[in-house]
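Asks: Data file model_2.cif (mmCIF, C-alpha atoms and all ligand atoms) is appended below.
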```cif
data_my_file
#
loop_
_atom_site.label_atom_id
_atom_site.label_comp_id
_atom_site.auth_asym_id
_atom_site.auth_seq_id
_atom_site.Cartn_x
_atom_site.Cartn_y
_atom_site.Cartn_z
CA MET V 1 -13.07 -12.05 20.76
CA THR V 2 -10.29 -9.52 20.27
CA GLN V 3 -10.43 -6.29 22.21
CA ALA V 4 -7.11 -4.77 21.17
CA ALA V 5 -8.53 -2.74 18.30
CA THR V 6 -11.33 -1.34 20.39
CA LEU V 7 -9.57 0.03 23.45
CA ASN V 8 -11.58 3.23 23.46
CA ASP V 9 -14.82 1.47 22.88
CA PRO V 10 -14.80 -1.50 25.23
CA ALA V 11 -18.40 -2.28 24.45
CA ALA V 12 -17.49 -3.12 20.87
CA ALA V 13 -15.58 -6.26 20.03
CA CYS V 14 -14.06 -7.64 16.89
CA ALA V 15 -14.33 -11.23 15.72
CA ASP V 16 -11.08 -13.22 15.82
CA THR V 17 -11.48 -14.46 12.29
CA LEU V 18 -13.77 -14.00 9.30
CA PRO V 19 -15.47 -16.88 7.49
CA ALA V 20 -13.80 -18.51 4.47
CA GLY V 21 -13.76 -16.30 1.39
CA ALA V 22 -12.80 -13.23 3.43
CA PRO V 23 -11.18 -10.32 1.65
CA ALA V 24 -7.40 -9.78 1.81
CA VAL V 25 -8.06 -6.75 4.01
CA ARG V 26 -11.21 -5.63 5.77
CA LEU V 27 -11.47 -2.35 7.64
CA GLN V 28 -14.70 -2.36 9.57
CA SER V 29 -15.97 0.96 10.96
CA VAL V 30 -12.44 2.14 11.62
CA SER V 31 -11.83 5.48 13.31
CA LYS V 32 -8.49 7.00 14.15
CA TRP V 33 -7.52 10.17 15.95
CA PHE V 34 -4.21 11.70 16.91
CA ASP V 35 -3.22 13.65 20.00
CA THR V 36 -2.44 17.27 19.28
CA ARG V 37 -0.49 18.40 22.39
CA GLY V 38 -3.27 19.46 24.69
CA LYS V 39 -5.78 20.50 22.05
CA GLU V 40 -8.79 18.47 20.89
CA PRO V 41 -7.64 15.16 19.35
CA LEU V 42 -7.55 15.31 15.57
CA THR V 43 -10.01 12.85 14.06
CA VAL V 44 -8.37 11.60 10.89
CA LEU V 45 -10.57 8.63 9.98
CA GLN V 46 -14.22 8.25 10.88
CA ASN V 47 -16.10 5.02 10.47
CA VAL V 48 -14.11 3.81 7.49
CA SER V 49 -15.13 0.43 6.07
CA ILE V 50 -13.19 -0.99 3.13
CA ASP V 51 -12.99 -4.51 1.72
CA VAL V 52 -10.02 -5.30 -0.48
CA PRO V 53 -10.76 -8.53 -2.36
CA GLU V 54 -7.98 -11.12 -2.53
CA GLN V 55 -5.77 -10.72 -5.62
CA SER V 56 -7.28 -7.36 -6.48
CA VAL V 57 -5.66 -3.97 -7.00
CA VAL V 58 -7.35 -1.17 -5.08
CA ALA V 59 -6.54 2.54 -5.36
CA LEU V 60 -7.14 4.96 -2.48
CA VAL V 61 -7.76 8.51 -3.66
CA GLY V 62 -8.85 11.68 -1.91
CA ALA V 63 -7.74 15.16 -0.91
CA SER V 64 -4.43 15.73 0.81
CA GLY V 65 -4.74 15.03 4.54
CA CYS V 66 -7.87 12.86 4.28
CA GLY V 67 -6.05 9.93 5.88
CA LYS V 68 -4.87 7.76 2.98
CA SER V 69 -1.42 7.08 4.47
CA THR V 70 -3.03 6.50 7.84
CA ILE V 71 -5.17 3.79 6.23
CA LEU V 72 -2.05 2.11 4.79
CA ASN V 73 -0.34 2.39 8.17
CA ILE V 74 -3.31 0.65 9.76
CA MET V 75 -3.35 -2.04 7.07
CA SER V 76 0.38 -2.63 7.64
CA GLY V 77 0.03 -2.95 11.41
CA LEU V 78 2.18 0.15 12.03
CA LEU V 79 -0.85 1.85 13.59
CA THR V 80 -3.85 0.46 15.42
CA PRO V 81 -7.26 2.06 15.05
CA ASP V 82 -8.96 3.77 17.99
CA ARG V 83 -12.27 2.21 17.02
CA GLY V 84 -13.28 -0.53 14.66
CA CYS V 85 -11.82 -3.79 13.43
CA VAL V 86 -9.08 -4.70 10.98
CA PHE V 87 -8.69 -8.11 9.38
CA ILE V 88 -5.76 -9.27 7.30
CA HIS V 89 -6.47 -12.35 5.19
CA GLY V 90 -9.44 -13.03 7.46
CA THR V 91 -7.54 -12.80 10.80
CA ALA V 92 -8.00 -9.94 13.27
CA ALA V 93 -4.96 -7.67 12.92
CA ALA V 94 -4.25 -7.98 16.65
CA ASP V 95 -3.83 -11.75 16.18
CA TYR V 96 -2.19 -11.66 12.75
CA LYS V 97 1.26 -13.22 12.92
CA ALA V 98 2.50 -13.09 9.34
CA TRP V 99 3.23 -9.36 9.03
CA ARG V 100 6.28 -10.18 6.96
CA SER V 101 3.82 -11.14 4.20
CA VAL V 102 2.74 -7.50 4.07
CA GLY V 103 5.07 -5.39 1.92
CA TYR V 104 5.11 -1.61 2.18
CA MET V 105 6.52 0.73 -0.43
CA PHE V 106 6.71 4.27 0.90
CA GLN V 107 6.37 7.50 -1.03
CA GLU V 108 10.09 8.25 -0.63
CA ASP V 109 12.37 5.38 -1.58
CA ARG V 110 14.09 5.43 1.86
CA LEU V 111 17.21 3.77 0.46
CA LEU V 112 20.22 3.79 2.76
CA PRO V 113 22.94 5.72 0.89
CA TRP V 114 25.78 3.64 2.32
CA ARG V 115 24.29 0.35 1.18
CA THR V 116 24.38 -1.20 -2.28
CA ALA V 117 21.18 -2.00 -4.18
CA LEU V 118 21.58 -5.62 -3.04
CA ASP V 119 22.05 -4.68 0.63
CA ASN V 120 19.17 -2.20 0.50
CA THR V 121 16.97 -4.94 -0.91
CA ALA V 122 18.18 -7.45 1.69
CA PHE V 123 17.23 -4.92 4.39
CA GLY V 124 13.63 -6.11 3.97
CA LEU V 125 14.75 -9.49 5.33
CA GLU V 126 16.75 -8.35 8.32
CA ALA V 127 13.98 -9.07 10.78
CA GLU V 128 14.25 -12.72 9.76
CA THR V 129 16.88 -15.09 11.05
CA LEU V 130 18.21 -16.19 7.70
CA PRO V 131 21.81 -17.08 6.89
CA ARG V 132 23.47 -14.16 5.07
CA ARG V 133 23.88 -16.24 1.93
CA GLU V 134 20.16 -16.99 1.70
CA ARG V 135 19.31 -13.35 2.39
CA ASN V 136 21.53 -12.30 -0.47
CA ASP V 137 20.11 -14.95 -2.80
CA ARG V 138 16.59 -13.79 -2.06
CA ALA V 139 17.54 -10.14 -2.46
CA MET V 140 19.18 -10.94 -5.81
CA ALA V 141 16.03 -12.78 -6.93
CA ALA V 142 13.96 -9.70 -6.03
CA LEU V 143 16.35 -7.46 -7.97
CA GLU V 144 16.06 -9.82 -10.93
CA LEU V 145 12.30 -9.55 -10.69
CA VAL V 146 12.49 -5.78 -11.12
CA GLY V 147 15.18 -6.02 -13.83
CA LEU V 148 17.98 -4.56 -11.72
CA ALA V 149 20.27 -7.52 -11.05
CA PRO V 150 23.12 -5.98 -13.11
CA PHE V 151 23.14 -3.04 -10.70
CA ALA V 152 23.20 -5.10 -7.51
CA SER V 153 26.49 -3.60 -6.35
CA ALA V 154 25.61 0.01 -7.24
CA PHE V 155 25.01 2.56 -4.49
CA PRO V 156 21.82 4.69 -4.52
CA HIS V 157 23.66 7.81 -5.75
CA GLU V 158 24.76 5.83 -8.80
CA LEU V 159 21.17 5.01 -9.77
CA SER V 160 18.53 7.01 -11.65
CA GLY V 161 15.18 7.87 -10.04
CA GLY V 162 13.50 4.99 -11.87
CA MET V 163 16.22 2.55 -10.80
CA ARG V 164 15.97 3.68 -7.18
CA SER V 165 12.25 3.12 -7.39
CA ARG V 166 12.90 -0.41 -8.63
CA VAL V 167 15.21 -1.09 -5.68
CA ALA V 168 12.51 0.17 -3.30
CA LEU V 169 10.03 -2.13 -5.05
CA ALA V 170 12.47 -5.06 -4.81
CA ARG V 171 12.91 -4.37 -1.08
CA SER V 172 9.16 -4.48 -0.54
CA LEU V 173 8.90 -7.72 -2.59
CA VAL V 174 11.81 -9.55 -1.01
CA THR V 175 9.66 -11.08 1.72
CA ARG V 176 7.32 -12.40 -1.02
CA PRO V 177 4.32 -10.46 0.26
CA THR V 178 0.76 -11.55 -0.30
CA LEU V 179 -0.35 -7.98 0.37
CA LEU V 180 1.57 -5.04 -1.05
CA LEU V 181 0.83 -1.54 0.22
CA MET V 182 2.14 1.38 -1.82
CA ASP V 183 1.97 5.05 -0.87
CA GLU V 184 2.18 7.15 -4.03
CA PRO V 185 5.05 4.91 -5.06
CA PHE V 186 5.78 6.37 -8.47
CA SER V 187 4.70 9.98 -7.98
CA LYS V 188 8.23 11.35 -8.27
CA LEU V 189 9.00 9.60 -11.55
CA ASP V 190 8.59 11.17 -14.95
CA PRO V 191 5.56 9.95 -16.92
CA MET V 192 7.44 7.54 -19.18
CA ILE V 193 9.27 5.81 -16.33
CA ARG V 194 6.09 5.78 -14.26
CA SER V 195 4.30 4.00 -17.08
CA GLN V 196 7.13 1.44 -17.28
CA MET V 197 6.82 0.87 -13.53
CA HIS V 198 3.08 0.25 -13.93
CA ASP V 199 3.82 -2.46 -16.51
CA GLU V 200 6.50 -3.96 -14.26
CA LEU V 201 4.22 -3.99 -11.26
CA LEU V 202 1.41 -5.73 -13.13
CA ARG V 203 3.86 -8.22 -14.65
CA ILE V 204 5.20 -9.03 -11.18
CA LYS V 205 1.69 -9.27 -9.76
CA SER V 206 0.78 -11.80 -12.44
CA MET V 207 3.70 -13.97 -11.25
CA MET V 208 2.89 -13.75 -7.53
CA ASP V 209 -0.32 -14.29 -5.60
CA MET V 210 -0.57 -10.73 -4.43
CA THR V 211 -3.15 -8.14 -3.50
CA ILE V 212 -2.18 -4.50 -3.94
CA VAL V 213 -3.50 -1.38 -2.21
CA PHE V 214 -1.98 1.89 -3.37
CA VAL V 215 -2.47 5.58 -2.77
CA THR V 216 -2.45 7.92 -5.70
CA HIS V 217 -3.43 11.44 -6.73
CA ASP V 218 -3.19 10.45 -10.39
CA VAL V 219 -6.50 9.39 -11.97
CA GLU V 220 -4.74 7.80 -14.93
CA GLU V 221 -2.59 5.70 -12.59
CA ALA V 222 -5.74 4.55 -10.78
CA VAL V 223 -7.43 3.64 -14.08
CA VAL V 224 -4.44 1.77 -15.50
CA LEU V 225 -3.73 -0.23 -12.34
CA ALA V 226 -6.83 -0.61 -10.23
CA ASP V 227 -9.81 -2.94 -10.18
CA GLN V 228 -11.50 -0.60 -7.71
CA VAL V 229 -11.06 3.01 -6.71
CA VAL V 230 -11.95 3.97 -3.13
CA LEU V 231 -12.69 7.68 -2.94
CA LEU V 232 -12.32 9.30 0.49
CA MET V 233 -13.91 12.52 1.72
CA PRO V 234 -11.75 15.30 3.19
CA ARG V 235 -10.77 15.03 6.86
CA PRO V 236 -12.06 13.32 8.79
CA GLY V 237 -11.59 10.67 6.11
CA ARG V 238 -14.71 8.70 5.29
CA VAL V 239 -15.46 6.54 2.27
CA ARG V 240 -17.39 8.58 -0.27
CA SER V 241 -17.65 5.87 -2.91
CA VAL V 242 -16.14 2.67 -4.22
CA MET V 243 -15.91 2.70 -8.00
CA PRO V 244 -15.05 -0.36 -10.04
CA VAL V 245 -12.79 0.15 -13.06
CA PRO V 246 -14.53 -2.09 -15.58
CA LEU V 247 -11.73 -2.32 -18.17
CA ALA V 248 -10.13 -5.48 -19.56
CA ARG V 249 -6.39 -5.96 -19.08
CA PRO V 250 -3.82 -5.18 -20.31
CA ARG V 251 -4.74 -1.48 -20.31
CA ASP V 252 -2.81 0.71 -22.68
CA PRO V 253 -2.56 4.20 -21.11
CA ASN V 254 -2.69 5.69 -24.61
CA SER V 255 -5.84 3.85 -25.64
CA GLN V 256 -9.24 5.43 -26.14
CA VAL V 257 -10.89 3.26 -23.47
CA VAL V 258 -8.42 4.36 -20.82
CA SER V 259 -8.80 8.05 -21.75
CA ASP V 260 -12.58 7.67 -21.69
CA GLU V 261 -12.46 6.10 -18.23
CA VAL V 262 -10.09 8.81 -16.96
CA ARG V 263 -12.52 11.42 -18.31
CA ARG V 264 -15.43 9.65 -16.61
CA LEU V 265 -13.69 9.37 -13.21
CA ARG V 266 -11.84 12.70 -13.08
CA PRO V 267 -14.89 14.83 -12.15
CA LEU V 268 -15.85 12.29 -9.46
CA ILE V 269 -12.37 12.39 -7.88
N1 LIG G 1 1.35 10.69 13.92
C1 LIG G 1 0.54 11.72 13.71
N2 LIG G 1 0.27 12.62 14.69
C2 LIG G 1 -0.56 13.67 14.50
N3 LIG G 1 -1.20 13.90 13.32
C3 LIG G 1 -0.96 13.05 12.31
C4 LIG G 1 -0.09 11.92 12.43
N4 LIG G 1 -0.07 11.25 11.26
C5 LIG G 1 -0.89 11.94 10.43
N5 LIG G 1 -1.42 13.00 11.05
C6 LIG G 1 -2.38 13.93 10.49
O1 LIG G 1 -3.45 13.16 10.00
C7 LIG G 1 -3.97 13.71 8.79
C8 LIG G 1 -3.99 12.64 7.73
O2 LIG G 1 -2.65 12.32 7.38
P1 LIG G 1 -2.32 11.30 6.20
O3 LIG G 1 -0.85 11.37 5.98
O4 LIG G 1 -2.91 9.99 6.52
O5 LIG G 1 -3.12 11.96 4.99
P2 LIG G 1 -3.01 11.68 3.42
O6 LIG G 1 -4.39 11.61 2.89
O7 LIG G 1 -2.12 10.51 3.17
O8 LIG G 1 -2.30 13.01 2.92
P3 LIG G 1 -1.37 13.29 1.60
O9 LIG G 1 -2.23 13.00 0.40
O10 LIG G 1 -1.05 14.75 1.73
O11 LIG G 1 -0.16 12.40 1.72
C9 LIG G 1 -3.10 14.91 8.48
O12 LIG G 1 -3.78 16.08 8.93
C10 LIG G 1 -1.86 14.68 9.28
O13 LIG G 1 -1.27 15.91 9.67
#
```
Would you put the structure from the file into structure tokens?
Ligand SMILES: Nc1ncnc2c1ncn2[C@@H]1O[C@H](COP(=O)(O)OP(=O)(O)OP(=O)(O)O)[C@@H](O)[C@H]1O
Replies:
Amino acid sequence: MTQAATLNDPAAACADTLPAGAPAVRLQSVSKWFDTRGKEPLTVLQNVSIDVPEQSVVALVGASGCGKSTILNIMSGLLTPDRGCVFIHGTAAADYKAWRSVGYMFQEDRLLPWRTALDNTAFGLEAETLPRRERNDRAMAALELVGLAPFASAFPHELSGGMRSRVALARSLVTRPTLLLMDEPFSKLDPMIRSQMHDELLRIKSMMDMTIVFVTHDVEEAVVLADQVVLLMPRPGRVRSVMPVPLARPRDPNSQVVSDEVRRLRPLI
């Protein structure tokens, strides 16, 4: 039994592994609070349980401050919960060894201005002991995947917002993740480029065995991309509902079915 995720609740214990057929991610009764310099701790998540099926695309939506990024940080191993259990591909997070198979695309692109697109992409591999040549080959393959190989030697200031976003995506794909976490990844892009990025992401997903969890405030983005929408209540974040998006793919954002689904979900979100 693993105790690491339950430090503040020693009576509770998490299983080491889940049975076969486990989801890509399971949060089980997860709570998280933050210290607030002497005041009452701030409870950000309360008893959150979420299953993310393997190979699915799941959208997290909810009011600002309800803990969506905190959930991604917990799923990525950057944070541990104060209560509850986390499983990645069926293994307790505390025992999970393959964190490099979890990609994380942050809200800001976080590109290093003094590095080329290729070197920014290769940054995702720096924790690994790979020969420089192989690192570069893999980074170039990731740039090819996002259609940016011709700009490999460009610096961030020489790239448009959409191109920078592609580099950030390439960097999060360079480790060939089986789980990709994305925090409002395309929110700063204009609608046309955002729509192109949606197509790219789904095209890439179809080529890789990958599960995607992303945060969005955009109902249309959730409808176009997601198999399931997890709606969170305002702080402390709790799951209000899990709504399937029952539309066939590909989903044309300009189609009637997508607009109907957006109209159906908008009042619920
Ligand atoms: N390290 C931290 N220390 C203290 N408080 C934190 C910390 N990280 C997050 N918080 C607080 O936790 C709450 C949830 O933050 P989080 O970023 O997860 O929300 P969110 O739903 O992603 O918000 P948004 O939609 O605005 O990005 C916020 O009130 C935030 O101020």
Asks: Kindly give the distance, in Å, that separates atom CA of Leu179 of chain V and atom O1 of ligand LIG 1 (chain G), rounded to a single decimal.
Replies: 23.4 Å
Asks: Leaving out Ile50 of chain V and any residue of its chain fewer than 4 positions from it, which residues lie within 8 Å of it when counting all atoms listed in the file, given as number ranges by chain?
Replies: V: 25-28, 239
Asks: Around ligand LIG 1 (chain G), with edges along x, y and z and 3 Å added on all six sides, what centre and edge lengths do you get, in Å to one decimal, as AutoDock Vina command-line options?
Replies:
```
--center_x -1.5 --center_y 13.0 --center_z 7.5 --size_x 11.7 --size_y 12.1 --size_z 20.3
```
Asks: Return as a ChimeraX atom specification every polymer residue, whether protein, DNA or RNA, with at least one atom no more than 12 Å from an atom of ligand LIG 1 (chain G); count all atoms listed in the file.
Replies: /V:31-37,39-46,60-74,78-80,106-108,182-185,187,214-218,231-238
Asks: Write out as a CSV table (one decimal) with C-alpha atoms, in the coordinates of the input the residues lying within 10 Å of segment 172-177 of chain V, counting only C-alpha atoms and excluding same-chain residues fewer than 2 positions away.
Replies:
```csv
chain,number,residue,atom,x,y,z
V,98,ALA,CA,2.5,-13.1,9.3
V,99,TRP,CA,3.2,-9.4,9.0
V,100,ARG,CA,6.3,-10.2,7.0
V,101,SER,CA,3.8,-11.1,4.2
V,102,VAL,CA,2.7,-7.5,4.1
V,103,GLY,CA,5.1,-5.4,1.9
V,104,TYR,CA,5.1,-1.6,2.2
V,105,MET,CA,6.5,0.7,-0.4
V,106,PHE,CA,6.7,4.3,0.9
V,121,THR,CA,17.0,-4.9,-0.9
V,122,ALA,CA,18.2,-7.4,1.7
V,123,PHE,CA,17.2,-4.9,4.4
V,124,GLY,CA,13.6,-6.1,4.0
V,125,LEU,CA,14.8,-9.5,5.3
V,128,GLU,CA,14.2,-12.7,9.8
V,135,ARG,CA,19.3,-13.4,2.4
V,138,ARG,CA,16.6,-13.8,-2.1
V,139,ALA,CA,17.5,-10.1,-2.5
V,140,MET,CA,19.2,-10.9,-5.8
V,141,ALA,CA,16.0,-12.8,-6.9
V,142,ALA,CA,14.0,-9.7,-6.0
V,143,LEU,CA,16.4,-7.5,-8.0
V,145,LEU,CA,12.3,-9.6,-10.7
V,146,VAL,CA,12.5,-5.8,-11.1
V,166,ARG,CA,12.9,-0.4,-8.6
V,167,VAL,CA,15.2,-1.1,-5.7
V,168,ALA,CA,12.5,0.2,-3.3
V,169,LEU,CA,10.0,-2.1,-5.0
V,170,ALA,CA,12.5,-5.1,-4.8
V,179,LEU,CA,-0.4,-8.0,0.4
V,180,LEU,CA,1.6,-5.0,-1.0
V,181,LEU,CA,0.8,-1.5,0.2
V,182,MET,CA,2.1,1.4,-1.8
V,204,ILE,CA,5.2,-9.0,-11.2
V,208,MET,CA,2.9,-13.8,-7.5
V,209,ASP,CA,-0.3,-14.3,-5.6
V,210,MET,CA,-0.6,-10.7,-4.4
V,211,THR,CA,-3.2,-8.1,-3.5
V,212,ILE,CA,-2.2,-4.5,-3.9
```
Asks: For Asp16 of chain V, list every protein, DNA or RNA residue within 9 Å, evaluated using all atoms listed in the file, and leave out those in the same chain fewer than 2 positions away; present the list as number ranges by chain.
Replies: V: 1-2, 14, 18, 87, 90-95
Asks: Which of these residues is nearest to Ile88 of chain V, using only C-alpha atoms: V:Thr178, V:Ser165, V:Thr129, V:Ser56?
Replies: V:Thr178
Asks: Hey, which of V:Leu111, V:Val57, V:Val219, V:Val48 ends up closest to Arg264 of chain V? Count all atoms listed in the file.
Replies: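 Using all atoms listed in the file, the shortest distance to Arg264 of chain V belongs to V:Val219.
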Asks: Select all residues near (-4.7, -0.9, -12.5) (cut-off 9 Å, inclusive, file coordinates), counting all atoms listed in the file, and output them as a ChimeraX atom specification.
Replies: /V:57-59,198,202,221-228,245,249-251
Asks: So how many Å separate atom CA of Pro244 of chain V and atom CA of Val229 of chain V, to one decimal?
Replies: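 Result for atom CA of Pro244 of chain V versus atom CA of Val229 of chain V: 6.2 Å, one decimal.
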Asks: Leaving out Asn254 of chain V and any residue of its chain fewer than 4 positions from it, which residues lie within 12 Å of it when counting only C-alpha atoms, given as JSON, numbers by chain?
Replies: {"V": [192, 195, 220, 223, 224, 250, 258, 259, 260, 261, 262]}
Asks: Restricting the calculation to all atoms listed in the file, which member of V:Pro150, V:Pro131, V:Gly21, V:Pro156 is positioned closest to His89 of chain V?
Replies: V:Gly21
Asks: Interatomic distance between atom CA of Val213 of chain V and atom CA of Gly77 of chain V?
Replies: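 Calculated distance between atom CA of Val213 of chain V and atom CA of Gly77 of chain V is 14.2 Å.
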Asks: Taking 3 positions as the minimum chain separation for residues in the same chain, which residues sit within 9 Å of Ser153 of chain V when counting only C-alpha atoms? Answer as a list in words.
Replies: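 My reading of the contact set: Arg115, Thr116, Ala117, Leu118, Asp119, Ala149 and Pro150 of chain V.
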Asks: Can you work out which one of V:Phe151, V:Gly38, V:Gln55, V:Ala22 has the shortest atom-to-atom distance to Ser206 of chain V, counting only C-alpha atoms?
Replies: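 Of the candidates, the smallest distance to Ser206 of chain V is held by V:Gln55.
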